[in-house]
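*Asks:* A single structure is presented below for examination.
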Amino acid sequence: MRIVDIQVGSLVLPLAHPFKTALRTVDHLDDIVVRVIGENGEVGYGEAPPTAVITGDTKGSILCAIQDFIKPALVGMDLMDFEAVMEKLNGCMVHNTSPKAAVDMALYDLWGKVQGKPLYQLLGGAKTSFETDITISVNPVDEMVRDSLEAVERGFHTLKVKVGKEGTADVQRMAAIREAVGPGIKLRVDANQGWTAAESVAIIKAMEDKGLDIELVEQPVAAHDIAGLKYVTGQVNTPILADEAVFSPLDAANLIAIHAADYINIKLMKTGGIWNALKICEMARQHGVKCMIGCMLESQVSVAAAAHLCAGQEVITMADLDGPSLCATEPFPGGPIFEGAAITMSQDPGIGVRFDAQWE
Ligand code: MG
């Protein structure tokens, strides 16, 4: 089946509350959406958020990459020659992982629809439902305690707490949250590169000494500081999860080779889509490294693609797919069902989210 067109649009959605990390504050989603059209008229959908502080991709760069490079490379190719299409997508330009991810997931959506199967089944079919954590933004401590309690009330069993702006004050922050939510709730800490290696060791050891029972600490040091990441991983008992340090399968191979982190956070906007994410999953499986599936601030369209990858792959044991729960709007019909912490796969073919009515 020939790919006859690749079209680009935009999607703006308000968030229920502002999203704050050590790197930025955001109050709405403003994403690029893509549709890939097959010669039978069937359509596959994708989405990419412009997360310039992490991926370097902006709205304008995503748009140009798709229109000027990716579309001319792929239109006319036979979708069922899937490997060749994916090699072309990844080879037509370097970097630009967000536009590649948007087109990659639209191709997978269409590929699943052509075969009449939900994508997660074609990606391994490991599970039909799983739970996501929810992000608690970095704020004054009393606000974070309130947000944490509210998340627990909404049925979330795992909180991913954003820290990394105030060094050792982050220990007090986590202690207050642990005291408020009690021992039954899993707490993940995401420093978003906010600490030096020495600070990380001091802060994480202090959390260990206080018995805060932190499940993992995500990206404590700068993305490029692989030596620092390895040092922290070697010095503390709490598992360390690499996020901004791992984009590509090559990054993952380098990290695994020197055991610079215990876990890897896979995000489609970093890998350039499902095709490369599967390569990381395979490496992680071979080396016994657990993976998390994460997302940027994305709507249900692209988070649904990540959910299919998570449900497909056994090696992805942790999910941070709270994008749709952070939006203030009603969900689009079709695809995986996001209900509080629970994500349940549907039998809709492909990724399954029906998005035509929202197309601009
Ligand atoms: Mg992170």
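Residue numbers start at 1 in each chain; chains themselves are named A, B, ... in the order of the structure tokens; ligands are numbered from 1 in the order shown.
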So which residues touch Val26 of chain A within 12 Å, counting only C-alpha atoms, skipping near sequence neighbours fewer than 4 positions away, as number ranges by chain?

*Replies:* A: 13-22, 30, 49-51, 137, 296-298, 326-327

*Asks:* Please, which residues have at least one atom within 7 Å of an atom of ligand 1, using only C-alpha atoms and all ligand atoms, listed as a list in words?

*Replies:*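 So the residues close to ligand 1 are Asp190, Asn192, Glu218, Gln219, Asp243 and Glu244 of chain A.
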
*Asks:* Which polymer residues have any atom within 10 Å of an atom of segment 249-265 of chain A, counting only C-alpha atoms, with same-chain residues fewer than 5 positions away left out, as a ChimeraX atom specification?

*Replies:* /A:216-219,225-234,238-244,270-271,276-284,287-295,316,318-320

*Asks:* Measuring atom to atom with only C-alpha atoms, identify which of A:Leu89, A:Ile266, A:Ala84, A:Val43 is nearest to Val315 of chain A.

*Replies:*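 Using only C-alpha atoms, Val315 of chain A sits closest to A:Ile266.
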
*Asks:* Might you pull out every residue within 10 Å of Asn90 of chain A, with only C-alpha atoms counted and same-chain residues fewer than 2 positions away left off, and present them as a PyMOL selection string?

*Replies:* chain A and resi 70+84-88+92-97+100-101+104+272-273+275-276

*Asks:* If I take atom CA of Thr344 of chain A and atom CA of Lys127 of chain A, how far is one from the other in Å, to one decimal?

*Replies:* 9.3 Å

*Asks:* With distances taken over only C-alpha atoms, which residue among A:Val36, A:Asp133, A:Ile337, A:Ala169 lies nearest Gly155 of chain A?

*Replies:* A:Asp133

*Asks:* Taking into account only C-alpha atoms, which residue in the set A:Ile204, A:Leu107, A:Met1, A:Ala197 is nearest to Val34 of chain A?

*Replies:*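 Answer, going by the shortest atom-to-atom distance: A:Leu107.
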
*Asks:* When DSSP works through the backbone of this structure, what residues of segment 126-351 of chain A end up as strand (DSSP E or B), shown as a PyMOL selection string?

*Replies:* chain A and resi 129-131+134-136+158-162+186-190+214-218+240-242+263-267+290-294+316-320+327+337-339+342-344+350

*Asks:* For Met144 of chain A, find every residue with an atom within 10 Å (counting only C-alpha atoms), except residues of its own chain fewer than 2 positions away, and show them as a list in words.

*Replies:*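 These residues fall inside the cut-off: Ile136, Ser137, Val138, Asn139, Pro140, Val141, Asp142, Arg146, Asp147, Ser148, Leu149, Glu150, Val161, Lys162, Arg173, Met174, Ala176 and Ile177 of chain A.
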
*Asks:* Keeping C-alpha atoms, export the residues of the selection given above as a PDB file, in the first residue's frame.

*Replies:*
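Writing the result to selection.pdb gives the following:
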ATOM      1  CA  ILE A 136       3.814  16.321  41.026  1.00  0.00           C
ATOM      2  CA  SER A 137       5.205  19.700  39.889  1.00  0.00           C
ATOM      3  CA  VAL A 138       7.940  21.468  41.804  1.00  0.00           C
ATOM      4  CA  ASN A 139       6.325  24.131  44.043  1.00  0.00           C
ATOM      5  CA  PRO A 140       6.431  25.309  47.666  1.00  0.00           C
ATOM      6  CA  VAL A 141       6.317  22.249  49.947  1.00  0.00           C
ATOM      7  CA  ASP A 142       2.760  22.725  51.241  1.00  0.00           C
ATOM      8  CA  ARG A 146      -1.581  19.066  48.759  1.00  0.00           C
ATOM      9  CA  ASP A 147      -1.081  17.980  45.126  1.00  0.00           C
ATOM     10  CA  SER A 148       0.296  14.618  46.287  1.00  0.00           C
ATOM     11  CA  LEU A 149      -2.691  13.943  48.547  1.00  0.00           C
ATOM     12  CA  GLU A 150      -5.060  14.963  45.749  1.00  0.00           C
ATOM     13  CA  VAL A 161       7.892  14.185  42.224  1.00  0.00           C
ATOM     14  CA  LYS A 162       9.755  16.943  40.402  1.00  0.00           C
ATOM     15  CA  ARG A 173      10.333  18.254  50.371  1.00  0.00           C
ATOM     16  CA  MET A 174      10.347  14.470  49.925  1.00  0.00           C
ATOM     17  CA  ALA A 176       7.007  16.047  53.908  1.00  0.00           C
ATOM     18  CA  ILE A 177       5.385  14.216  50.995  1.00  0.00           C
TER      19      ILE A 177
END

*Asks:* Restricting the calculation to only C-alpha atoms: of A:Ser302, A:Thr158, A:Gln313, A:Thr329, which residue gets closest to Asp109 of chain A?

*Replies:* A:Ser302

*Asks:* I'd like the contact shell of Gly60 of chain A - 12 Å cut-off, only C-alpha atoms, skipping same-chain residues fewer than 6 positions apart - returned as a count of residues only.

*Replies:* 17

*Asks:* So which residues touch segment 113-124 of chain A within 6 Å, counting only C-alpha atoms, skipping near sequence neighbours fewer than 4 positions away, as a short mmCIF file (atom, residue, chain, number, x, y, z; two decimals) with all heavy atoms, in the first residue's frame?

*Replies:*
data_model
loop_
_atom_site.label_atom_id
_atom_site.label_comp_id
_atom_site.auth_asym_id
_atom_site.auth_seq_id
_atom_site.Cartn_x
_atom_site.Cartn_y
_atom_site.Cartn_z
N HIS A 308 0.87 1.72 23.70
CA HIS A 308 0.95 0.48 22.90
C HIS A 308 2.33 -0.16 23.03
O HIS A 308 2.45 -1.38 23.15
CB HIS A 308 0.63 0.76 21.43
CG HIS A 308 -0.83 0.81 21.13
ND1 HIS A 308 -1.59 -0.33 20.94
CD2 HIS A 308 -1.69 1.86 21.02
CE1 HIS A 308 -2.85 0.02 20.69
NE2 HIS A 308 -2.94 1.34 20.74
N ALA A 311 2.52 -1.73 26.53
CA ALA A 311 1.71 -2.95 26.62
C ALA A 311 2.33 -4.08 25.80
O ALA A 311 2.21 -5.26 26.14
CB ALA A 311 0.28 -2.68 26.15
N GLY A 312 3.02 -3.73 24.74
CA GLY A 312 3.65 -4.74 23.90
C GLY A 312 4.87 -5.37 24.54
O GLY A 312 5.10 -6.58 24.41
N GLN A 313 5.65 -4.57 25.25
CA GLN A 313 6.99 -5.00 25.68
C GLN A 313 7.05 -5.37 27.16
O GLN A 313 6.82 -4.53 28.03
CB GLN A 313 7.98 -3.86 25.39
CG GLN A 313 8.22 -3.64 23.91
CD GLN A 313 9.07 -4.75 23.31
OE1 GLN A 313 10.18 -5.02 23.75
NE2 GLN A 313 8.53 -5.43 22.29
N GLN A 347 -9.30 -2.84 21.65
CA GLN A 347 -9.09 -3.70 20.49
C GLN A 347 -9.17 -2.92 19.17
O GLN A 347 -9.16 -3.52 18.10
CB GLN A 347 -10.08 -4.87 20.51
CG GLN A 347 -9.85 -5.84 21.68
CD GLN A 347 -8.38 -6.28 21.79
OE1 GLN A 347 -7.84 -6.85 20.86
NE2 GLN A 347 -7.74 -5.99 22.92
N ASP A 348 -9.25 -1.58 19.25
CA ASP A 348 -9.25 -0.79 18.02
C ASP A 348 -7.97 -1.06 17.24
O ASP A 348 -6.88 -1.11 17.83
CB ASP A 348 -9.29 0.71 18.35
CG ASP A 348 -10.55 1.11 19.11
OD1 ASP A 348 -11.61 0.53 18.80
OD2 ASP A 348 -10.47 1.97 20.01
N PRO A 349 -8.05 -1.23 15.93
CA PRO A 349 -6.84 -1.48 15.14
C PRO A 349 -5.87 -0.29 15.16
O PRO A 349 -6.31 0.86 15.31
CB PRO A 349 -7.36 -1.70 13.71
CG PRO A 349 -8.83 -1.72 13.78
CD PRO A 349 -9.27 -1.19 15.10
N GLY A 350 -4.59 -0.59 15.02
CA GLY A 350 -3.56 0.46 15.03
C GLY A 350 -3.42 1.03 16.44
O GLY A 350 -3.57 0.32 17.42
N ILE A 351 -3.12 2.34 16.51
CA ILE A 351 -3.07 3.01 17.82
C ILE A 351 -4.49 3.29 18.27
O ILE A 351 -4.81 3.18 19.44
CB ILE A 351 -2.22 4.29 17.72
CG1 ILE A 351 -0.75 3.90 17.47
CG2 ILE A 351 -2.34 5.14 18.99
CD1 ILE A 351 0.16 5.05 17.11
#

*Asks:* Which residue gives the smallest distance to Val171 of chain A among A:Glu153, A:Val201, A:Ile185, A:Thr196, with only C-alpha atoms counted?

*Replies:* A:Val201
